[in-house]
>>> print(open('protein17.txt').read())   # compact mmCIF, C-alpha atoms
# COMPACT_ATOMS: atom_id res chain seq x y z
CA MET B 1 94.21 134.23 77.25
CA THR B 2 95.76 130.92 76.28
CA PRO B 3 95.57 128.07 78.84
CA LEU B 4 99.29 128.56 79.60
CA GLU B 5 98.83 132.27 80.31
CA THR B 6 95.77 131.53 82.44
CA ILE B 7 97.66 128.97 84.53
CA LEU B 8 100.58 131.38 85.01
CA VAL B 9 98.16 134.04 86.31
CA VAL B 10 96.52 131.49 88.64
CA GLY B 11 99.90 130.33 89.98
CA ILE B 12 101.26 133.82 90.59
CA ILE B 13 98.11 135.05 92.36
CA PHE B 14 97.98 131.85 94.44
CA LEU B 15 101.59 132.32 95.63
CA ILE B 16 101.05 136.02 96.41
CA VAL B 17 97.95 135.31 98.53
CA LEU B 18 99.67 132.36 100.24
CA PHE B 19 102.76 134.40 101.16
CA MET B 20 100.51 137.11 102.58
CA GLY B 21 99.88 134.66 105.41
CA HIS B 22 96.28 133.65 104.78
CA PRO B 23 95.24 130.12 105.91
CA LEU B 24 95.66 127.52 103.18
CA ALA B 25 92.04 126.35 103.30
CA PHE B 26 90.61 129.84 102.79
CA THR B 27 93.21 130.59 100.12
CA LEU B 28 92.33 127.49 98.11
CA GLY B 29 88.56 127.80 98.50
CA GLY B 30 88.38 131.55 97.95
CA LEU B 31 90.65 131.57 94.90
CA GLY B 32 88.83 128.54 93.50
CA ILE B 33 85.55 130.48 93.51
CA ILE B 34 87.12 133.70 92.18
CA PHE B 35 89.02 131.97 89.36
CA GLY B 36 86.01 129.84 88.48
CA ALA B 37 83.70 132.86 88.22
CA THR B 38 86.17 135.08 86.31
CA LEU B 39 88.80 133.18 84.35
CA TRP B 40 86.64 130.08 83.80
CA GLY B 41 83.51 132.17 83.41
CA ASN B 42 81.31 129.47 84.92
CA PRO B 43 78.44 131.01 86.93
CA GLY B 44 77.71 127.63 88.48
CA VAL B 45 81.13 127.38 90.11
CA LEU B 46 79.52 127.34 93.57
CA ASN B 47 78.06 123.97 92.63
CA LEU B 48 81.60 122.69 93.01
CA PHE B 49 81.31 123.37 96.72
CA VAL B 50 78.16 121.25 96.93
CA ARG B 51 79.58 118.43 94.81
CA SER B 52 82.93 118.43 96.64
CA THR B 53 81.16 118.34 100.00
CA ASN B 54 78.95 115.47 98.86
CA ASN B 55 81.95 113.50 97.55
CA LEU B 56 83.81 114.09 100.79
CA ILE B 57 81.07 112.99 103.19
CA THR B 58 80.07 109.94 101.11
CA SER B 59 83.61 108.55 100.67
CA ILE B 60 84.15 105.61 103.00
CA ALA B 61 87.93 106.01 102.67
CA TYR B 62 87.87 109.25 104.67
CA ALA B 63 85.91 107.67 107.54
CA SER B 64 89.12 106.09 108.84
CA ILE B 65 90.84 109.47 109.32
CA PRO B 66 89.13 110.57 112.59
CA LEU B 67 89.45 107.03 113.98
CA PHE B 68 93.21 106.86 113.36
CA ILE B 69 93.61 110.39 114.73
CA PHE B 70 91.69 109.40 117.86
CA MET B 71 93.87 106.28 118.22
CA GLY B 72 97.02 108.39 118.05
CA ALA B 73 95.68 111.02 120.44
CA VAL B 74 94.79 108.36 123.02
CA LEU B 75 98.23 106.72 122.71
CA GLU B 76 99.89 110.11 123.14
CA ARG B 77 98.17 110.50 126.52
CA SER B 78 98.25 106.83 127.57
CA GLY B 79 101.81 106.76 128.93
CA ALA B 80 102.83 104.01 126.48
CA ALA B 81 105.62 106.17 125.00
CA ASP B 82 106.98 106.91 128.49
CA ASP B 83 107.34 103.19 129.26
CA LEU B 84 108.83 102.48 125.85
CA PHE B 85 111.49 105.14 126.29
CA GLU B 86 112.36 104.03 129.81
CA SER B 87 112.86 100.38 128.77
CA MET B 88 114.79 101.14 125.56
CA TYR B 89 116.84 103.73 127.47
CA VAL B 90 118.31 101.15 129.83
CA ILE B 91 118.77 98.56 127.06
CA LEU B 92 120.45 100.72 124.38
CA GLY B 93 121.88 103.50 126.54
CA ARG B 94 125.27 101.79 126.89
CA LEU B 95 125.84 102.20 123.14
CA ARG B 96 127.37 105.36 121.73
CA GLY B 97 124.39 107.14 120.26
CA GLY B 98 122.12 104.70 122.10
CA LEU B 99 119.63 107.35 123.21
CA ALA B 100 119.28 108.64 119.63
CA ILE B 101 118.81 105.06 118.38
CA THR B 102 116.20 104.57 121.11
CA THR B 103 114.42 107.66 119.78
CA VAL B 104 114.37 106.27 116.23
CA VAL B 105 113.04 102.88 117.38
CA ILE B 106 110.27 104.43 119.48
CA CYS B 107 109.31 106.91 116.74
CA THR B 108 109.05 103.97 114.33
CA LEU B 109 106.70 102.18 116.71
CA LEU B 110 104.69 105.36 117.34
CA ALA B 111 104.41 105.93 113.59
CA ALA B 112 103.01 102.42 113.16
CA ALA B 113 100.65 102.92 116.09
CA SER B 114 99.28 106.36 115.29
CA GLY B 115 100.55 107.92 112.05
CA ILE B 116 100.37 111.44 113.53
CA ILE B 117 103.60 113.38 112.97
CA GLY B 118 103.02 116.30 115.34
CA ALA B 119 102.25 113.93 118.22
CA SER B 120 105.41 111.83 117.69
CA ILE B 121 107.71 114.87 117.55
CA THR B 122 106.08 116.50 120.57
CA VAL B 123 106.09 113.36 122.73
CA MET B 124 109.70 112.46 121.91
CA GLY B 125 110.73 116.09 122.32
CA MET B 126 109.45 115.96 125.89
CA LEU B 127 110.83 112.48 126.66
CA ALA B 128 114.08 112.10 124.73
CA LEU B 129 115.46 115.61 124.23
CA PRO B 130 116.05 116.44 127.95
CA SER B 131 117.71 113.05 128.44
CA MET B 132 120.02 113.43 125.44
CA LEU B 133 121.01 116.97 126.41
CA LYS B 134 121.64 115.81 129.99
CA HIS B 135 124.05 113.18 128.64
CA ARG B 136 125.88 115.86 126.57
CA TYR B 137 124.64 114.81 123.15
CA ASN B 138 125.34 117.14 120.26
CA PRO B 139 122.16 119.30 120.21
CA GLU B 140 121.90 119.09 116.43
CA LEU B 141 122.08 115.29 116.47
CA ALA B 142 119.51 115.11 119.28
CA THR B 143 117.00 117.49 117.70
CA GLY B 144 117.57 116.25 114.14
CA THR B 145 116.91 112.67 115.20
CA ILE B 146 113.65 113.61 116.91
CA MET B 147 112.39 115.68 113.96
CA ALA B 148 113.37 113.18 111.24
CA ALA B 149 112.23 110.04 113.06
CA GLY B 150 109.06 111.79 114.18
CA CYS B 151 108.13 112.29 110.50
CA LEU B 152 108.14 108.55 109.75
CA GLY B 153 104.36 108.63 110.18
CA THR B 154 104.04 109.96 106.62
CA LEU B 155 105.19 106.56 105.32
CA ILE B 156 104.60 103.91 107.95
CA PRO B 157 100.91 102.95 108.16
CA PRO B 158 98.40 103.97 109.36
CA SER B 159 99.58 107.12 107.56
CA ILE B 160 96.91 109.79 107.09
CA ILE B 161 98.92 110.99 104.05
CA LEU B 162 98.57 107.56 102.38
CA ILE B 163 94.86 107.37 103.20
CA ILE B 164 94.20 110.71 101.47
CA TYR B 165 96.48 109.75 98.55
CA GLY B 166 94.61 106.48 98.04
CA ALA B 167 91.22 108.22 98.15
CA GLN B 168 92.35 110.86 95.63
CA ALA B 169 94.13 108.50 93.21
CA GLN B 170 91.58 105.67 93.53
CA ILE B 171 94.29 103.25 94.71
CA SER B 172 93.83 100.55 97.36
CA ILE B 173 94.73 102.05 100.74
CA GLY B 174 95.69 98.59 101.95
CA LYS B 175 98.25 98.27 99.15
CA LEU B 176 99.64 101.71 99.95
CA PHE B 177 99.97 100.69 103.60
CA ALA B 178 101.81 97.52 102.57
CA GLY B 179 104.15 99.51 100.31
CA GLY B 180 104.84 102.11 102.99
CA ILE B 181 106.14 99.53 105.47
CA GLY B 182 109.28 98.67 103.48
CA ALA B 183 110.09 102.29 102.66
CA GLY B 184 109.56 103.38 106.27
CA LEU B 185 111.87 100.67 107.59
CA VAL B 186 114.55 101.65 105.03
CA LEU B 187 114.47 105.23 106.31
CA SER B 188 114.46 104.12 109.93
CA GLY B 189 117.46 101.86 109.23
CA LEU B 190 119.35 104.67 107.47
CA TYR B 191 118.84 106.95 110.48
CA ILE B 192 120.20 104.29 112.84
CA ILE B 193 123.23 103.59 110.60
CA TYR B 194 123.97 107.33 110.38
CA ILE B 195 123.83 107.70 114.18
CA LEU B 196 126.14 104.69 114.71
CA VAL B 197 128.70 105.89 112.13
CA LEU B 198 128.65 109.49 113.38
CA CYS B 199 129.12 108.44 117.01
CA LEU B 200 131.91 106.06 115.97
CA LEU B 201 133.75 108.86 114.16
CA LYS B 202 132.84 111.55 116.71
CA PRO B 203 132.24 109.84 120.08
CA LYS B 204 131.39 113.13 121.78
CA SER B 205 128.35 113.55 119.51
CA GLY B 206 126.46 110.82 121.37
CA PRO B 207 128.18 109.53 124.54
CA ALA B 208 126.98 106.34 126.21
CA ILE B 209 125.24 106.62 129.56
CA ALA B 210 127.32 105.91 132.67
CA PRO B 211 127.79 102.20 133.52
CA GLU B 212 126.38 102.70 137.03
CA GLU B 213 123.25 104.28 135.54
CA ALA B 214 122.77 101.36 133.16
CA GLY B 215 123.49 98.91 135.99
CA ARG B 216 120.46 99.94 138.03
CA TYR B 217 118.55 97.04 136.50
CA THR B 218 119.41 93.37 136.16
CA SER B 219 119.18 91.58 132.81
CA GLN B 220 115.93 89.93 133.90
CA GLN B 221 114.44 93.30 134.85
CA LYS B 222 115.44 94.79 131.50
CA ILE B 223 113.81 91.92 129.63
CA PHE B 224 110.64 92.28 131.70
CA MET B 225 110.55 96.05 131.13
CA ALA B 226 110.98 95.58 127.38
CA ILE B 227 108.24 92.97 127.16
CA LYS B 228 105.86 94.99 129.33
CA SER B 229 106.35 98.20 127.36
CA ILE B 230 106.63 96.86 123.81
CA LEU B 231 104.02 94.10 123.75
CA PRO B 232 100.86 96.28 124.11
CA THR B 233 101.96 98.74 121.40
CA LEU B 234 103.25 95.96 119.15
CA GLY B 235 99.99 94.06 119.66
CA LEU B 236 98.02 97.13 118.61
CA ILE B 237 100.18 97.56 115.49
CA LEU B 238 99.78 93.91 114.49
CA MET B 239 96.03 94.04 115.12
CA VAL B 240 95.53 97.14 112.96
CA LEU B 241 97.97 96.45 110.13
CA GLY B 242 97.52 92.68 110.16
CA SER B 243 93.75 92.94 109.80
CA ILE B 244 94.21 95.23 106.76
CA LEU B 245 97.06 93.35 105.06
CA PHE B 246 95.44 89.93 105.40
CA GLY B 247 92.05 91.15 104.24
CA VAL B 248 90.28 90.57 107.54
CA ALA B 249 89.14 94.19 107.83
CA THR B 250 88.95 97.32 105.69
CA PRO B 251 91.10 100.31 106.73
CA THR B 252 88.03 101.90 108.32
CA GLU B 253 87.20 98.77 110.32
CA ALA B 254 90.85 98.39 111.34
CA ALA B 255 90.86 102.03 112.48
CA ALA B 256 87.87 101.30 114.73
CA LEU B 257 89.74 98.29 116.16
CA GLY B 258 92.78 100.51 116.73
CA ALA B 259 90.73 103.12 118.57
CA VAL B 260 89.39 100.47 120.95
CA GLY B 261 92.88 98.98 121.35
CA ALA B 262 94.34 102.38 122.23
CA LEU B 263 91.70 102.83 124.93
CA LEU B 264 92.63 99.41 126.36
CA ILE B 265 96.32 100.42 126.44
CA ALA B 266 95.37 103.63 128.24
CA ALA B 267 93.40 101.54 130.76
CA LEU B 268 96.44 99.26 131.29
CA HIS B 269 98.50 102.35 132.15
CA HIS B 270 95.74 103.64 134.47
CA ARG B 271 95.28 106.75 132.31
CA LEU B 272 91.76 106.03 131.02
CA ASN B 273 89.31 108.50 132.53
CA TRP B 274 86.57 110.84 131.39
CA GLN B 275 88.89 113.87 131.21
CA MET B 276 91.32 112.03 128.92
CA VAL B 277 88.52 110.80 126.63
CA LYS B 278 87.07 114.30 126.50
CA GLU B 279 90.42 115.92 125.64
CA THR B 280 91.28 113.36 122.95
CA SER B 281 87.80 113.64 121.43
CA PHE B 282 88.10 117.43 121.16
CA ALA B 283 91.63 117.14 119.74
CA THR B 284 90.40 114.58 117.21
CA MET B 285 87.50 116.82 116.18
CA LYS B 286 89.74 119.86 115.67
CA THR B 287 92.37 117.96 113.68
CA THR B 288 89.78 116.14 111.56
CA ALA B 289 87.92 119.38 110.82
CA MET B 290 91.16 121.03 109.70
CA ILE B 291 92.08 118.14 107.40
CA MET B 292 88.59 117.79 105.95
CA TYR B 293 88.25 121.51 105.26
CA ILE B 294 91.57 121.54 103.43
CA ILE B 295 90.47 118.49 101.41
CA LEU B 296 87.18 120.21 100.55
CA THR B 297 88.66 123.53 99.44
CA ALA B 298 91.64 121.94 97.70
CA SER B 299 89.22 119.75 95.72
CA MET B 300 87.40 122.90 94.60
CA PHE B 301 90.64 124.65 93.62
CA THR B 302 91.93 121.59 91.76
CA SER B 303 88.65 121.21 89.86
CA VAL B 304 88.85 124.83 88.71
CA PHE B 305 92.56 124.46 87.91
CA LEU B 306 91.86 121.43 85.73
CA GLY B 307 88.82 123.15 84.21
CA LEU B 308 91.04 126.03 83.13
CA GLY B 309 93.26 123.56 81.30
CA GLY B 310 95.97 123.25 83.94
CA GLY B 311 96.20 119.49 83.64
CA GLN B 312 96.64 119.61 79.88
CA VAL B 313 99.24 122.39 80.15
CA ILE B 314 101.37 120.46 82.65
CA SER B 315 100.95 117.19 80.75
CA SER B 316 101.96 118.83 77.46
CA ILE B 317 105.00 120.46 79.10
CA VAL B 318 106.12 117.19 80.71
CA ASN B 319 105.43 115.12 77.59
CA GLY B 320 107.20 117.75 75.49
CA LEU B 321 110.36 117.33 77.48
CA ASN B 322 112.73 115.37 75.28
CA MET B 323 114.16 113.50 78.25
CA ASN B 324 114.42 110.03 79.69
CA ARG B 325 111.34 109.10 81.75
CA TRP B 326 113.49 108.92 84.89
CA LEU B 327 114.53 112.53 84.41
CA ILE B 328 110.88 113.49 83.96
CA LEU B 329 110.06 111.62 87.18
CA SER B 330 112.85 113.52 88.93
CA VAL B 331 111.37 116.82 87.73
CA ILE B 332 107.93 115.81 89.05
CA LEU B 333 109.33 114.81 92.45
CA PHE B 334 111.35 118.02 92.64
CA ILE B 335 108.18 120.05 91.94
CA VAL B 336 106.40 118.14 94.72
CA TYR B 337 109.30 118.89 97.07
CA ILE B 338 109.24 122.62 96.24
CA MET B 339 105.46 122.70 96.73
CA GLY B 340 105.90 121.05 100.12
CA MET B 341 108.34 123.77 101.22
CA PHE B 342 105.58 126.36 100.97
CA ILE B 343 102.25 124.52 101.15
CA ASP B 344 100.74 122.25 103.80
CA SER B 345 101.22 118.54 103.03
CA TYR B 346 97.49 117.99 102.53
CA GLY B 347 97.42 120.83 100.01
CA VAL B 348 100.37 119.28 98.16
CA LEU B 349 98.51 115.97 97.99
CA LEU B 350 95.23 117.38 96.79
CA ILE B 351 96.81 119.65 94.18
CA GLY B 352 99.60 117.31 93.05
CA VAL B 353 97.87 113.92 92.86
CA PRO B 354 95.22 114.81 90.22
CA ILE B 355 97.83 116.61 88.12
CA PHE B 356 100.77 114.20 88.26
CA THR B 357 99.05 110.80 88.50
CA PRO B 358 97.98 110.71 84.82
CA VAL B 359 101.51 111.70 83.78
CA VAL B 360 103.03 108.91 85.90
CA TYR B 361 100.61 106.38 84.39
CA ALA B 362 101.60 107.56 80.90
CA LEU B 363 105.29 107.13 81.76
CA GLY B 364 104.63 103.50 82.75
CA PHE B 365 105.64 103.70 86.43
CA ASP B 366 103.96 101.56 89.09
CA PRO B 367 101.34 103.77 90.84
CA ILE B 368 101.96 102.22 94.29
CA TRP B 369 105.70 102.77 93.95
CA PHE B 370 105.21 106.39 92.84
CA ALA B 371 102.76 107.04 95.69
CA ILE B 372 105.38 106.03 98.24
CA LEU B 373 108.04 108.20 96.57
CA PHE B 374 105.51 111.05 96.68
CA ALA B 375 105.12 110.45 100.43
CA VAL B 376 108.92 110.49 100.90
CA MET B 377 109.03 113.91 99.21
CA ILE B 378 106.33 115.17 101.57
CA GLN B 379 108.37 113.84 104.48
CA MET B 380 111.39 115.76 103.19
CA SER B 381 109.32 118.93 103.03
CA TYR B 382 108.54 118.63 106.76
CA LEU B 383 112.26 119.19 107.39
CA SER B 384 112.94 121.78 104.68
CA PRO B 385 113.05 125.56 105.20
CA PRO B 386 111.31 127.94 105.13
CA PHE B 387 108.12 126.21 106.37
CA ALA B 388 109.71 123.19 108.05
CA TYR B 389 106.77 122.03 110.12
CA ALA B 390 108.91 119.60 112.15
CA VAL B 391 111.03 122.56 113.28
CA PHE B 392 107.93 124.44 114.42
CA TYR B 393 106.64 121.39 116.32
CA LEU B 394 109.93 120.98 118.22
CA ARG B 395 110.55 124.73 118.65
CA GLY B 396 107.56 124.92 120.97
CA ILE B 397 109.08 122.54 123.53
CA ALA B 398 112.86 122.78 122.95
CA PRO B 399 114.98 124.70 125.49
CA LYS B 400 115.65 128.35 124.69
CA GLU B 401 119.39 127.76 124.43
CA ILE B 402 118.75 125.73 121.24
CA SER B 403 118.22 128.31 118.50
CA THR B 404 115.89 127.99 115.54
CA ALA B 405 118.94 128.16 113.26
CA GLN B 406 120.35 125.07 115.02
CA LEU B 407 117.06 123.24 114.44
CA TYR B 408 117.21 124.06 110.74
CA ARG B 409 120.84 122.91 110.51
CA ALA B 410 119.95 119.70 112.33
CA CYS B 411 117.56 118.79 109.51
CA PHE B 412 120.07 118.83 106.64
CA PRO B 413 121.89 115.50 107.31
CA PHE B 414 118.54 113.75 107.55
CA ILE B 415 117.29 115.37 104.34
CA ALA B 416 120.41 113.90 102.69
CA LEU B 417 119.48 110.48 104.13
CA GLN B 418 116.00 110.83 102.65
CA VAL B 419 117.55 111.56 99.24
CA ILE B 420 119.62 108.38 99.65
CA SER B 421 116.43 106.47 100.50
CA LEU B 422 114.85 107.74 97.25
CA ILE B 423 117.82 106.39 95.30
CA ILE B 424 117.59 103.01 97.09
CA LEU B 425 113.82 102.77 96.51
CA SER B 426 114.34 103.63 92.83
CA LEU B 427 117.11 101.08 92.34
CA PHE B 428 115.21 98.40 94.27
CA PRO B 429 111.46 99.07 93.71
CA ALA B 430 110.60 95.63 95.12
CA ILE B 431 111.18 97.11 98.60
CA ILE B 432 107.85 98.86 98.02
CA THR B 433 106.03 96.60 95.58
CA TRP B 434 106.82 93.11 96.92
CA LEU B 435 104.59 93.13 100.01
CA PRO B 436 101.48 94.55 98.26
CA SER B 437 101.83 91.94 95.50
CA LYS B 438 102.14 89.04 97.97
CA ILE B 439 99.64 89.93 100.68
CA MET B 440 96.92 92.00 99.08
>>> encode(input="protein17.txt", output="structure tokens")
Amino acid sequence: MTPLETILVVGIIFLIVLFMGHPLAFTLGGLGIIFGATLWGNPGVLNLFVRSTNNLITSIAYASIPLFIFMGAVLERSGAADDLFESMYVILGRLRGGLAITTVVICTLLAAASGIIGASITVMGMLALPSMLKHRYNPELATGTIMAAGCLGTLIPPSIILIIYGAQAQISIGKLFAGGIGAGLVLSGLYIIYILVLCLLKPKSGPAIAPEEAGRYTSQQKIFMAIKSILPTLGLILMVLGSILFGVATPTEAAALGAVGALLIAALHHRLNWQMVKETSFATMKTTAMIMYIILTASMFTSVFLGLGGGQVISSIVNGLNMNRWLILSVILFIVYIMGMFIDSYGVLLIGVPIFTPVVYALGFDPIWFAILFAVMIQMSYLSPPFAYAVFYLRGIAPKEISTAQLYRACFPFIALQVISLIILSLFPAIITWLPSKIM
């Protein structure tokens, strides 16, 4: 068979096995071995497992993953999010859409403090959703805000997505972190603007809380609550990101600092005990094992895919397109988006980065800028049917009267906002590239 025919066979079989419901890790690893032994005809294909394992366990970049996951797991159980929501609730609640804006602000802080998407959506689903429904918010606005803002952890450092991207593409993780800050704040700002405009045009979508409820606290009490709740989390963010951006610590060292800082925050909230440490350690181990196994098997699959000529086939197809380089970039990003609708985000990274990075270099685009656009596409896939992971996260804790169809509909306005963010980041690339060029 020609390389093109071989790649078509690989792609079709991969999709069939994936849609049969098998776990992604086993699908990638198993098909990698089968394709390597048959289509590639390499009897030493199992050596890929050994080499991939060795590369994985000797890469210092991956050492930060369990530390950042542990930091996020501790913060999730520390009570910091509860205090943040309570203080922002009384400060912004008098605004139309104030509770939704509060949700976006807290999710932005949680993204910068942990980078774990599932944790942010789950925590805010438990804290913010009952309050918004109680105050007669439009259910689609309430749930959409939680799901979209909860996904900001794909962009805002310490993003696990950016760590894996940097390790795969051999790009400075610190520079990716610096680039992700601007893009994450653009998205956060777009969500807030959308909520304000919607509630201005349709006041019943997000009513303000009652004046007597907001008047329970004096101005001095509100200021004290805000300082008490925001300062510890903000201090942790500045300690972790500041140490990376100013070259004081590597991402791995900063992750260790963050883990210790999260434990101190848990102690301040009187939540630090052996049971909590035990639960967070087990949760960290399970999540890390899942991520690492996907990285391992995806590396095997990608190696076989490239060995079968997949990289050359895609490169020749893209280079053969008689189109402007921006149209080619749009095609690449659209492919990434479609992949993300059906494949886990880590699988998209580990399959897409080795294939598309050389093409992007050849087109002359900035690799840091493209990496952040890649992360935005992954964030969009979290909200996109059929496998909208954000919907599944929230479905587990949302009231039964909110249907799954409503959750899917709630995602569409925020997907449109993410498309707008892509246009803004393309028209003004300095939003991404300025900070890495100045600090790193």
>>> closest_residue(input="protein17.txt", among="B:Met300, B:Met126, B:Ala255, B:Val313", to="Gly396 (chain B)", atoms="only C-alpha atoms")
B:Met126
>>> closest_residue(input="protein17.txt", among="B:Phe85, B:Phe428, B:Phe374, B:Phe282", to="Gly182 (chain B)", atoms="only C-alpha atoms")
B:Phe428
>>> residues_near_point(input="protein17.txt", point="(113.7, 96.8, 131.1)", cutoff="7 Å", atoms="only C-alpha atoms", output="list in words")
Ser87, Val90, Ile91, Gln221, Lys222, Ile223, Phe224, Met225 and Ala226 of chain B
>>> residues_around(input="protein17.txt", residues="Leu109 (chain B)", least_positions_apart="4", cutoff="9 Å", atoms="all atoms listed in the file", output="PyMOL selection string")
chain B and resi 104-105+113-114+230+233-234+237
>>> write_last_selection(input="protein17.txt", atoms="C-alpha atoms", output="PDB file, keeping the file's coordinate frame")
ATOM      1  CA  VAL B 104     114.370 106.270 116.230  1.00  0.00           C
ATOM      2  CA  VAL B 105     113.040 102.880 117.380  1.00  0.00           C
ATOM      3  CA  ALA B 113     100.650 102.920 116.090  1.00  0.00           C
ATOM      4  CA  SER B 114      99.280 106.360 115.290  1.00  0.00           C
ATOM      5  CA  ILE B 230     106.630  96.860 123.810  1.00  0.00           C
ATOM      6  CA  THR B 233     101.960  98.740 121.400  1.00  0.00           C
ATOM      7  CA  LEU B 234     103.250  95.960 119.150  1.00  0.00           C
ATOM      8  CA  ILE B 237     100.180  97.560 115.490  1.00  0.00           C
TER       9      ILE B 237
END
>>> residues_around(input="protein17.txt", residues="His135 (chain B)", least_positions_apart="3", cutoff="9 Å", atoms="all atoms listed in the file", output="list in words")
Pro130, Ser131, Met132, Gly206, Pro207, Ala208, Ile209 and Ala210 of chain B
>>> residues_around(input="protein17.txt", residues="Leu18 (chain B)", least_positions_apart="2", cutoff="12 Å", atoms="all atoms listed in the file", output="ChimeraX atom specification")
/B:11-16,20-28,30-31,339,342-344,347
>>> closest_residue(input="protein17.txt", among="B:Pro385, B:Gly144, B:Gly309, B:Pro436", to="Gly174 (chain B)", atoms="all atoms listed in the file")
B:Pro436
>>> closest_residue(input="protein17.txt", among="B:Leu427, B:Val419, B:Ile161, B:Ile33", to="Thr297 (chain B)", atoms="all atoms listed in the file")
B:Ile33
>>> closest_residue(input="protein17.txt", among="B:Ser78, B:Gln379, B:Thr287, B:Thr122", to="Ala398 (chain B)", atoms="only C-alpha atoms")
B:Thr122
>>> atom_distance(input="protein17.txt", atom1="CA of Val391 (chain B)", atom2="CA of Thr143 (chain B)")
9.0 Å
>>> closest_residue(input="protein17.txt", among="B:Ala167, B:Lys286, B:Ala375, B:Ala81", to="Gly184 (chain B)", atoms="all atoms listed in the file")
B:Ala375
>>> atom_distance(input="protein17.txt", atom1="CA of Val331 (chain B)", atom2="CA of Gly179 (chain B)")
22.6 Å
>>> residues_around(input="protein17.txt", residues="Leu238 (chain B)", least_positions_apart="4", cutoff="12 Å", atoms="only C-alpha atoms", output="short mmCIF file (atom, residue, chain, number, x, y, z; two decimals) with C-alpha atoms, in the frame of the given file")
data_model
loop_
_atom_site.label_atom_id
_atom_site.label_comp_id
_atom_site.auth_asym_id
_atom_site.auth_seq_id
_atom_site.Cartn_x
_atom_site.Cartn_y
_atom_site.Cartn_z
CA LEU B 109 106.70 102.18 116.71
CA ALA B 112 103.01 102.42 113.16
CA ALA B 113 100.65 102.92 116.09
CA PRO B 157 100.91 102.95 108.16
CA PRO B 158 98.40 103.97 109.36
CA ILE B 230 106.63 96.86 123.81
CA LEU B 231 104.02 94.10 123.75
CA PRO B 232 100.86 96.28 124.11
CA THR B 233 101.96 98.74 121.40
CA LEU B 234 103.25 95.96 119.15
CA GLY B 242 97.52 92.68 110.16
CA SER B 243 93.75 92.94 109.80
CA ILE B 244 94.21 95.23 106.76
CA LEU B 245 97.06 93.35 105.06
CA PHE B 246 95.44 89.93 105.40
CA ALA B 254 90.85 98.39 111.34
CA LEU B 257 89.74 98.29 116.16
CA GLY B 258 92.78 100.51 116.73
CA GLY B 261 92.88 98.98 121.35
#
>>> atom_distance(input="protein17.txt", atom1="CA of Thr108 (chain B)", atom2="CA of Val248 (chain B)")
24.0 Å
>>> residues_near_point(input="protein17.txt", point="(95.7, 98.7, 127.7)", cutoff="12 Å", atoms="only C-alpha atoms", output="list in words")
Val74, Leu75, Ser78, Gly79, Ala80, Lys228, Ser229, Ile230, Leu231, Pro232, Thr233, Leu234, Gly235, Leu236, Gly258, Ala259, Val260, Gly261, Ala262, Leu263, Leu264, Ile265, Ala266, Ala267, Leu268, His269, His270, Arg271 and Leu272 of chain B
>>> residues_around(input="protein17.txt", residues="Thr280 (chain B)", least_positions_apart="5", cutoff="9 Å", atoms="only C-alpha atoms", output="list in words")
Phe70, Met71, Ala73, Val74, Arg77, Gln275 and Met285 of chain B
>>> closest_atom_pairs(input="protein17.txt", of="region 83-176 of chain B", to="region 406-417 of chain B", cutoff="8 Å", atoms="only C-alpha atoms", output="Markdown table")
| residue | atom | partner | partner_atom | distance |
| --- | --- | --- | --- | --- |
| B:Pro139 | CA | B:Gln406 | CA | 8.0 |
| B:Glu140 | CA | B:Ala410 | CA | 4.6 |
| B:Leu141 | CA | B:Ala410 | CA | 6.4 |
| B:Thr143 | CA | B:Ala410 | CA | 6.5 |
| B:Gly144 | CA | B:Ala410 | CA | 4.6 |
| B:Thr145 | CA | B:Phe414 | CA | 7.9 |
| B:Met147 | CA | B:Cys411 | CA | 7.5 |
| B:Ala148 | CA | B:Phe414 | CA | 6.4 |
>>> write_last_selection(input="protein17.txt", atoms="C-alpha atoms", output="PDB file, in the frame of the given file")
ATOM      1  CA  PRO B 139     122.160 119.300 120.210  1.00  0.00           C
ATOM      2  CA  GLU B 140     121.900 119.090 116.430  1.00  0.00           C
ATOM      3  CA  LEU B 141     122.080 115.290 116.470  1.00  0.00           C
ATOM      4  CA  THR B 143     117.000 117.490 117.700  1.00  0.00           C
ATOM      5  CA  GLY B 144     117.570 116.250 114.140  1.00  0.00           C
ATOM      6  CA  THR B 145     116.910 112.670 115.200  1.00  0.00           C
ATOM      7  CA  MET B 147     112.390 115.680 113.960  1.00  0.00           C
ATOM      8  CA  ALA B 148     113.370 113.180 111.240  1.00  0.00           C
TER       9      ALA B 148
END
>>> axis_aligned_box(input="protein17.txt", around="region 8-12 of chain B", padding_each_side="8 Å", output="lines of an AutoDock Vina configuration file")
center_x = 98.9
center_y = 132.2
center_z = 87.8
size_x = 20.7
size_y = 19.7
size_z = 21.6
